Amino acid sequence: MNEYHLTSPINDEDLRLLKAGDSVYLTGTVYVARDAAHKRMIETLARGEALPFDIKGQTIYYMGPSPAREGRVIGSAGPTTAGRMDKYTPQLLDLGLKVMIGKGRRSDAVHESMKKNGAVYLAAIGGAGALLSKAITASEVIAYDDLGTEAIRRIEVKDFPAIVVIDITGRDLYQEV
Amino acid sequence: MRQIAAEDISKAIAELCIEANYGLAPDMCSALDKAAEQESSPLGRKVLGQLQENLRIAGEEDIPICQDTGMAVVFAEVGQEVHIDGGWIEDAVNEGVRRGYVDGCLRKSVVGDPLERVNTGDNTPAMIHYSIVPGDKIKLTVAPKGFGSENMSRVFMLKPADGVEGVKEAVLKAVREAGPNACPPMVVGVGIGGTFEKCALLAKKALLREAGSRSELPHIAALEEELLKEVNEIGLGPAGLGGSTTAFALNILTLPTHIAGLPVAVNICCHVNRHASRVL
Ligand code: SF4
């Protein structure tokens, strides 16, 4: 089990390094989206329109923060259950999504699509939203503002801690415990 | 008849929503500290250390423990000699939730219609459970419930012939299926008996009982101990990454039931098992 400090978006070479069980500290840009935003993105694609951000090579963090207090970047900001996004995920992976951050198991369909597309799934510690918020240095709503906590955000992270659960070979840490 | 102002109910509920979301009760904190010392897996110990750090930051820097500040589950035990002045108790509770979630910078996680799914914007309505009790006081408990773990909760309508073995299997099945989704270490609330709906409510109430306490019924206390041990032997561990701490506590409540049935409900809660109470 190795430890890596990586820049986000993670490049293909670094993605290949990551093995299930490794610790990762991410620094850079990450997009934030959860249930309602995923539903809307997929509807957008169905209409033949473009997504609100270029997803190729990017990272999505499944998260809906609590409101930021005045003068703060963000509120509590831990991961939500990734499995609820499974229905929408293969389509986004086919468009080039490379890294997902959440918590909990993924479906067989997501596993297959990840393998096909060379993507990784990282877990952040569920229920550590106060701690994880300290690793977020900037946050901006970039789409679907009307969805409140479920809007799409672009955030900047510094040494954001996560653990590789599913690597590009399809190994799944959850299945090994 | 003792008079209690509806406004006092709103005020108490607002404060309880905030209190519950920024800090855990001492029983949950010591369960975490104890587990951090005893956890067998190095990665598990690291995760538990992060959860301790998370609680410290939440308290010191005014950040909710978890971003899912829950749906507001409220237990209102209303003394039958109480008269509520100046409004309906249900409105008063919801006004309290509204203020607590808006003023307390808590997340608004409620949609008004389960299918149309438009956020109500103020985390109302609360899910309120009333009981009429003797006396002239009102006891209010706010237990914000996150849905990562709520989604993994189950009701099993077992047959009497399934017996205690069936109950054990049901609980272990629910915990295994919850896995990493429910943010372990968990607190497992179990209801046995009653009817379909009462059994589920028992399981929810079981989550309120102090972590580490035991049922007053000797055979249930023994079952709690045995099941907690078996749950921890699953090896799911902190964050589901493996280890000896899968649950901090397992509490069982029971009710009489029908000759034809053995309802079992398992309400899974994460390590952020929040509740705060006040007597008016
Ligand atoms: S299950 Fe609990 S700890 Fe996990 S995200 Fe939900 S409320 Fe937070």
# chains A, B, ... in the order shown; residues from 1 in each chain; ligands from 1
>>> closest_atom_pairs(of="chain A", to="ligand 1", cutoff="10 Å", atoms="only C-alpha atoms and all ligand atoms", output="Markdown table")
| residue | atom | partner | partner_atom_place_in_ligand_line | distance |
| --- | --- | --- | --- | --- |
| A:Met63 | CA | ligand 1 | 5 (S) | 9.1 |
| A:Gly64 | CA | ligand 1 | 5 (S) | 9.8 |
| A:Ser76 | CA | ligand 1 | 8 (Fe) | 9.9 |
| A:Ala77 | CA | ligand 1 | 5 (S) | 9.4 |
| A:Gly78 | CA | ligand 1 | 5 (S) | 6.8 |
| A:Pro79 | CA | ligand 1 | 5 (S) | 6.4 |
| A:Thr80 | CA | ligand 1 | 5 (S) | 5.4 |
| A:Thr81 | CA | ligand 1 | 5 (S) | 7.3 |
| A:Gly102 | CA | ligand 1 | 5 (S) | 9.8 |
| A:Lys103 | CA | ligand 1 | 4 (Fe) | 8.5 |
| A:Gly104 | CA | ligand 1 | 4 (Fe) | 9.8 |
| A:Ile125 | CA | ligand 1 | 4 (Fe) | 8.6 |
| A:Gly126 | CA | ligand 1 | 4 (Fe) | 4.8 |
| A:Gly127 | CA | ligand 1 | 3 (S) | 3.3 |
| A:Ala128 | CA | ligand 1 | 3 (S) | 7.1 |
| A:Gly129 | CA | ligand 1 | 8 (Fe) | 7.6 |
>>> residues_around(residues="range 5-18 of chain A", least_positions_apart="5", cutoff="9 Å", atoms="only C-alpha atoms", output="list in words")
Ser23, Val24, Tyr25, Leu26, Thr27, Gly28, Thr29, Val30, Gly57, Gln58, Thr59, Lys98, Val99, Gly118, Ala119, Val120, Val157, Asp159, Val164, Asp167, Ile168 and Thr169 of chain A
>>> write_last_selection(atoms="N, CA, C and O atoms", output="PDB file, in the first residue's frame")
ATOM      1  N   SER A  23      -3.069   5.044  -0.567  1.00  0.00           N
ATOM      2  CA  SER A  23      -3.560   6.351  -0.091  1.00  0.00           C
ATOM      3  C   SER A  23      -3.181   7.422  -1.093  1.00  0.00           C
ATOM      4  O   SER A  23      -2.078   7.386  -1.650  1.00  0.00           O
ATOM      5  N   VAL A  24      -4.090   8.349  -1.322  1.00  0.00           N
ATOM      6  CA  VAL A  24      -3.831   9.424  -2.275  1.00  0.00           C
ATOM      7  C   VAL A  24      -4.127  10.761  -1.605  1.00  0.00           C
ATOM      8  O   VAL A  24      -5.111  10.878  -0.854  1.00  0.00           O
ATOM      9  N   TYR A  25      -3.281  11.741  -1.845  1.00  0.00           N
ATOM     10  CA  TYR A  25      -3.564  13.116  -1.418  1.00  0.00           C
ATOM     11  C   TYR A  25      -3.637  13.961  -2.673  1.00  0.00           C
ATOM     12  O   TYR A  25      -2.651  14.106  -3.393  1.00  0.00           O
ATOM     13  N   LEU A  26      -4.835  14.479  -2.944  1.00  0.00           N
ATOM     14  CA  LEU A  26      -5.064  15.200  -4.201  1.00  0.00           C
ATOM     15  C   LEU A  26      -4.925  16.703  -4.022  1.00  0.00           C
ATOM     16  O   LEU A  26      -5.443  17.276  -3.063  1.00  0.00           O
ATOM     17  N   THR A  27      -4.283  17.331  -5.005  1.00  0.00           N
ATOM     18  CA  THR A  27      -4.197  18.783  -5.022  1.00  0.00           C
ATOM     19  C   THR A  27      -4.552  19.250  -6.425  1.00  0.00           C
ATOM     20  O   THR A  27      -4.022  18.714  -7.401  1.00  0.00           O
ATOM     21  N   GLY A  28      -5.479  20.202  -6.512  1.00  0.00           N
ATOM     22  CA  GLY A  28      -5.865  20.700  -7.828  1.00  0.00           C
ATOM     23  C   GLY A  28      -7.365  20.879  -7.948  1.00  0.00           C
ATOM     24  O   GLY A  28      -8.047  21.150  -6.958  1.00  0.00           O
ATOM     25  N   THR A  29      -7.864  20.668  -9.168  1.00  0.00           N
ATOM     26  CA  THR A  29      -9.270  20.951  -9.462  1.00  0.00           C
ATOM     27  C   THR A  29     -10.115  19.678  -9.452  1.00  0.00           C
ATOM     28  O   THR A  29      -9.696  18.648  -9.974  1.00  0.00           O
ATOM     29  N   VAL A  30     -11.287  19.797  -8.855  1.00  0.00           N
ATOM     30  CA  VAL A  30     -12.227  18.679  -8.779  1.00  0.00           C
ATOM     31  C   VAL A  30     -13.631  19.242  -9.014  1.00  0.00           C
ATOM     32  O   VAL A  30     -13.939  20.351  -8.565  1.00  0.00           O
ATOM     33  N   GLY A  57     -11.176  13.519 -18.838  1.00  0.00           N
ATOM     34  CA  GLY A  57     -10.008  13.455 -17.959  1.00  0.00           C
ATOM     35  C   GLY A  57     -10.271  13.954 -16.547  1.00  0.00           C
ATOM     36  O   GLY A  57      -9.350  14.014 -15.736  1.00  0.00           O
ATOM     37  N   GLN A  58     -11.532  14.321 -16.248  1.00  0.00           N
ATOM     38  CA  GLN A  58     -11.809  15.006 -14.981  1.00  0.00           C
ATOM     39  C   GLN A  58     -12.184  14.075 -13.833  1.00  0.00           C
ATOM     40  O   GLN A  58     -12.331  12.869 -13.991  1.00  0.00           O
ATOM     41  N   THR A  59     -12.334  14.729 -12.689  1.00  0.00           N
ATOM     42  CA  THR A  59     -12.682  14.057 -11.438  1.00  0.00           C
ATOM     43  C   THR A  59     -14.024  14.579 -10.946  1.00  0.00           C
ATOM     44  O   THR A  59     -14.238  15.796 -10.950  1.00  0.00           O
ATOM     45  N   LYS A  98     -12.601  10.280 -15.486  1.00  0.00           N
ATOM     46  CA  LYS A  98     -11.517   9.357 -15.112  1.00  0.00           C
ATOM     47  C   LYS A  98     -11.485   9.002 -13.626  1.00  0.00           C
ATOM     48  O   LYS A  98     -11.015   7.939 -13.256  1.00  0.00           O
ATOM     49  N   VAL A  99     -11.910   9.929 -12.776  1.00  0.00           N
ATOM     50  CA  VAL A  99     -11.794   9.678 -11.341  1.00  0.00           C
ATOM     51  C   VAL A  99     -13.104  10.039 -10.650  1.00  0.00           C
ATOM     52  O   VAL A  99     -13.698  11.089 -10.943  1.00  0.00           O
ATOM     53  N   GLY A 118     -10.579   2.848 -18.240  1.00  0.00           N
ATOM     54  CA  GLY A 118      -9.371   3.164 -17.472  1.00  0.00           C
ATOM     55  C   GLY A 118      -9.608   4.214 -16.398  1.00  0.00           C
ATOM     56  O   GLY A 118      -8.860   5.194 -16.291  1.00  0.00           O
ATOM     57  N   ALA A 119     -10.656   4.020 -15.595  1.00  0.00           N
ATOM     58  CA  ALA A 119     -10.983   5.009 -14.553  1.00  0.00           C
ATOM     59  C   ALA A 119     -10.742   4.418 -13.167  1.00  0.00           C
ATOM     60  O   ALA A 119     -10.666   3.199 -13.005  1.00  0.00           O
ATOM     61  N   VAL A 120     -10.610   5.281 -12.172  1.00  0.00           N
ATOM     62  CA  VAL A 120     -10.445   4.814 -10.791  1.00  0.00           C
ATOM     63  C   VAL A 120     -11.524   5.418  -9.892  1.00  0.00           C
ATOM     64  O   VAL A 120     -12.071   6.486 -10.181  1.00  0.00           O
ATOM     65  N   VAL A 157      -8.717  21.745  -4.317  1.00  0.00           N
ATOM     66  CA  VAL A 157      -8.369  21.001  -3.105  1.00  0.00           C
ATOM     67  C   VAL A 157      -6.855  21.020  -2.889  1.00  0.00           C
ATOM     68  O   VAL A 157      -6.082  21.208  -3.833  1.00  0.00           O
ATOM     69  N   ASP A 159      -4.082  18.620  -0.802  1.00  0.00           N
ATOM     70  CA  ASP A 159      -3.830  17.408  -0.009  1.00  0.00           C
ATOM     71  C   ASP A 159      -5.118  16.772   0.496  1.00  0.00           C
ATOM     72  O   ASP A 159      -5.233  16.409   1.670  1.00  0.00           O
ATOM     73  N   VAL A 164      -7.702   4.517  -2.603  1.00  0.00           N
ATOM     74  CA  VAL A 164      -8.105   3.882  -3.863  1.00  0.00           C
ATOM     75  C   VAL A 164      -8.927   2.637  -3.534  1.00  0.00           C
ATOM     76  O   VAL A 164      -8.452   1.733  -2.853  1.00  0.00           O
ATOM     77  N   ASP A 167      -9.230   0.157  -8.723  1.00  0.00           N
ATOM     78  CA  ASP A 167      -8.167   0.656  -9.605  1.00  0.00           C
ATOM     79  C   ASP A 167      -8.477   0.301 -11.060  1.00  0.00           C
ATOM     80  O   ASP A 167      -9.504  -0.317 -11.341  1.00  0.00           O
ATOM     81  N   ILE A 168      -7.588   0.694 -11.968  1.00  0.00           N
ATOM     82  CA  ILE A 168      -7.923   0.514 -13.398  1.00  0.00           C
ATOM     83  C   ILE A 168      -7.914  -0.951 -13.828  1.00  0.00           C
ATOM     84  O   ILE A 168      -8.446  -1.289 -14.872  1.00  0.00           O
ATOM     85  N   THR A 169      -7.368  -1.826 -12.996  1.00  0.00           N
ATOM     86  CA  THR A 169      -7.436  -3.259 -13.339  1.00  0.00           C
ATOM     87  C   THR A 169      -8.748  -3.869 -12.866  1.00  0.00           C
ATOM     88  O   THR A 169      -9.021  -5.043 -13.113  1.00  0.00           O
TER      89      THR A 169
END
>>> residues_around(residues="range 249-261 of chain B", least_positions_apart="4", cutoff="8 Å", atoms="only C-alpha atoms", output="number ranges by chain")
B: 157-160, 186-195, 199, 202-203, 205-207, 209, 211-215, 220, 224-225, 227-228
>>> closest_residue(among="A:Leu132, A:Ile142, A:Val177, A:Leu122", to="Lys158 in chain A", atoms="only C-alpha atoms")
A:Leu132
>>> closest_atom_pairs(of="chain B", to="chain A", cutoff="9 Å", atoms="only C-alpha atoms", output="CSV")
residue,atom,partner,partner_atom,distance
B:Val47,CA,A:Ile125,CA,7.2
B:Gln50,CA,A:Ala128,CA,7.3
B:Leu51,CA,A:Ala128,CA,6.0
B:Glu53,CA,A:Leu131,CA,6.9
B:Asn54,CA,A:Leu131,CA,4.7
B:Leu55,CA,A:Ala130,CA,7.6
B:Arg56,CA,A:Leu131,CA,8.9
B:Ile57,CA,A:Ala130,CA,6.2
B:Ala58,CA,A:Ala130,CA,5.6
B:Glu61,CA,A:Ala130,CA,8.7
B:Asp62,CA,A:Arg69,CA,8.7
B:Ile63,CA,A:Ala130,CA,5.6
B:Pro64,CA,A:Ser76,CA,5.6
B:Ile65,CA,A:Ala130,CA,5.5
B:Cys66,CA,A:Gly129,CA,4.6
B:Gln67,CA,A:Ser76,CA,4.5
B:Asp68,CA,A:Ser66,CA,7.3
B:Thr69,CA,A:Ser66,CA,7.6
B:Cys105,CA,A:Pro67,CA,5.4
B:Leu106,CA,A:Ser66,CA,5.6
B:Arg107,CA,A:Ser66,CA,4.4
B:Lys108,CA,A:Thr149,CA,7.4
B:Ser109,CA,A:Thr149,CA,8.0
B:Arg117,CA,A:Ala36,CA,8.9
B:Val118,CA,A:Leu147,CA,8.3
B:Asn119,CA,A:Leu147,CA,7.6
B:Gly121,CA,A:Gly148,CA,8.0
B:Gly148,CA,A:Thr81,CA,6.1
B:Ala178,CA,A:Gly104,CA,8.9
B:Gly179,CA,A:Gly104,CA,7.4
B:Pro180,CA,A:Gly104,CA,4.7
B:Asn181,CA,A:Gly104,CA,4.1
B:Ala182,CA,A:Gly104,CA,7.6
B:Cys183,CA,A:Gly126,CA,5.3
B:Pro184,CA,A:Gly126,CA,8.2
B:Ile234,CA,A:Val177,CA,9.0
B:Gly235,CA,A:Val177,CA,6.8
B:Leu236,CA,A:Val177,CA,6.3
B:Gly237,CA,A:Val177,CA,8.5
B:Pro238,CA,A:Ile125,CA,9.0
B:Ala239,CA,A:Ile125,CA,6.3
B:Gly240,CA,A:Tyr174,CA,6.8
B:Leu241,CA,A:Tyr174,CA,6.4
B:Gly242,CA,A:Val177,CA,5.1
B:Gly243,CA,A:Val177,CA,8.2
B:Cys270,CA,A:Gly127,CA,7.9
B:His271,CA,A:Gly127,CA,7.4
B:Val272,CA,A:Gly127,CA,6.7
>>> select_by_dssp(residues="range 13-166 of chain A", states="strand (DSSP E)", output="VMD selection string")
chain A and resid 23 to 32 59 to 61 99 to 102 120 to 123 136 to 143 152 to 166
>>> atom_distance(atom1="CA of Ala200 in chain B", atom2="CA of Pro263 in chain B")
8.9 Å
>>> closest_residue(among="B:His83, B:Arg45, B:Arg2, B:Lys145", to="Thr245 in chain B", atoms="only C-alpha atoms")
B:Arg45
>>> residues_around(residues="Val279 in chain B", least_positions_apart="3", cutoff="8 Å", atoms="only C-alpha atoms", output="PyMOL selection string")
chain B and resi 137-140
>>> write_last_selection(atoms="all heavy atoms", output="PDB file, in the first residue's frame")
ATOM      1  N   LYS B 137     -45.198  17.887  31.516  1.00  0.00           N
ATOM      2  CA  LYS B 137     -44.005  18.373  30.814  1.00  0.00           C
ATOM      3  C   LYS B 137     -44.026  17.897  29.356  1.00  0.00           C
ATOM      4  O   LYS B 137     -44.785  17.003  29.005  1.00  0.00           O
ATOM      5  CB  LYS B 137     -42.743  17.831  31.495  1.00  0.00           C
ATOM      6  CG  LYS B 137     -42.579  18.316  32.940  1.00  0.00           C
ATOM      7  CD  LYS B 137     -41.245  17.899  33.474  1.00  0.00           C
ATOM      8  CE  LYS B 137     -40.874  18.609  34.761  1.00  0.00           C
ATOM      9  NZ  LYS B 137     -41.949  18.762  35.748  1.00  0.00           N
ATOM     10  N   ILE B 138     -43.147  18.505  28.558  1.00  0.00           N
ATOM     11  CA  ILE B 138     -42.925  17.989  27.198  1.00  0.00           C
ATOM     12  C   ILE B 138     -41.447  17.651  27.067  1.00  0.00           C
ATOM     13  O   ILE B 138     -40.591  18.493  27.369  1.00  0.00           O
ATOM     14  CB  ILE B 138     -43.293  19.030  26.112  1.00  0.00           C
ATOM     15  CG1 ILE B 138     -44.777  19.379  26.166  1.00  0.00           C
ATOM     16  CG2 ILE B 138     -42.923  18.506  24.718  1.00  0.00           C
ATOM     17  CD1 ILE B 138     -45.201  20.404  25.111  1.00  0.00           C
ATOM     18  N   LYS B 139     -41.156  16.440  26.626  1.00  0.00           N
ATOM     19  CA  LYS B 139     -39.764  16.099  26.327  1.00  0.00           C
ATOM     20  C   LYS B 139     -39.592  16.063  24.818  1.00  0.00           C
ATOM     21  O   LYS B 139     -40.315  15.342  24.119  1.00  0.00           O
ATOM     22  CB  LYS B 139     -39.382  14.745  26.933  1.00  0.00           C
ATOM     23  CG  LYS B 139     -37.916  14.409  26.668  1.00  0.00           C
ATOM     24  CD  LYS B 139     -37.487  13.097  27.306  1.00  0.00           C
ATOM     25  CE  LYS B 139     -36.008  12.851  26.999  1.00  0.00           C
ATOM     26  NZ  LYS B 139     -35.597  11.489  27.348  1.00  0.00           N
ATOM     27  N   LEU B 140     -38.660  16.861  24.335  1.00  0.00           N
ATOM     28  CA  LEU B 140     -38.386  16.912  22.896  1.00  0.00           C
ATOM     29  C   LEU B 140     -37.022  16.293  22.615  1.00  0.00           C
ATOM     30  O   LEU B 140     -36.038  16.601  23.313  1.00  0.00           O
ATOM     31  CB  LEU B 140     -38.376  18.366  22.421  1.00  0.00           C
ATOM     32  CG  LEU B 140     -39.691  19.134  22.582  1.00  0.00           C
ATOM     33  CD1 LEU B 140     -39.461  20.624  22.342  1.00  0.00           C
ATOM     34  CD2 LEU B 140     -40.746  18.596  21.620  1.00  0.00           C
TER      35      LEU B 140
END
>>> residues_around(residues="Asp86 in chain A", least_positions_apart="2", cutoff="12 Å", atoms="only C-alpha atoms", output="ChimeraX atom specification")
/A:34-35,38-39,62,81-84,88-93,100,102,104-114,121
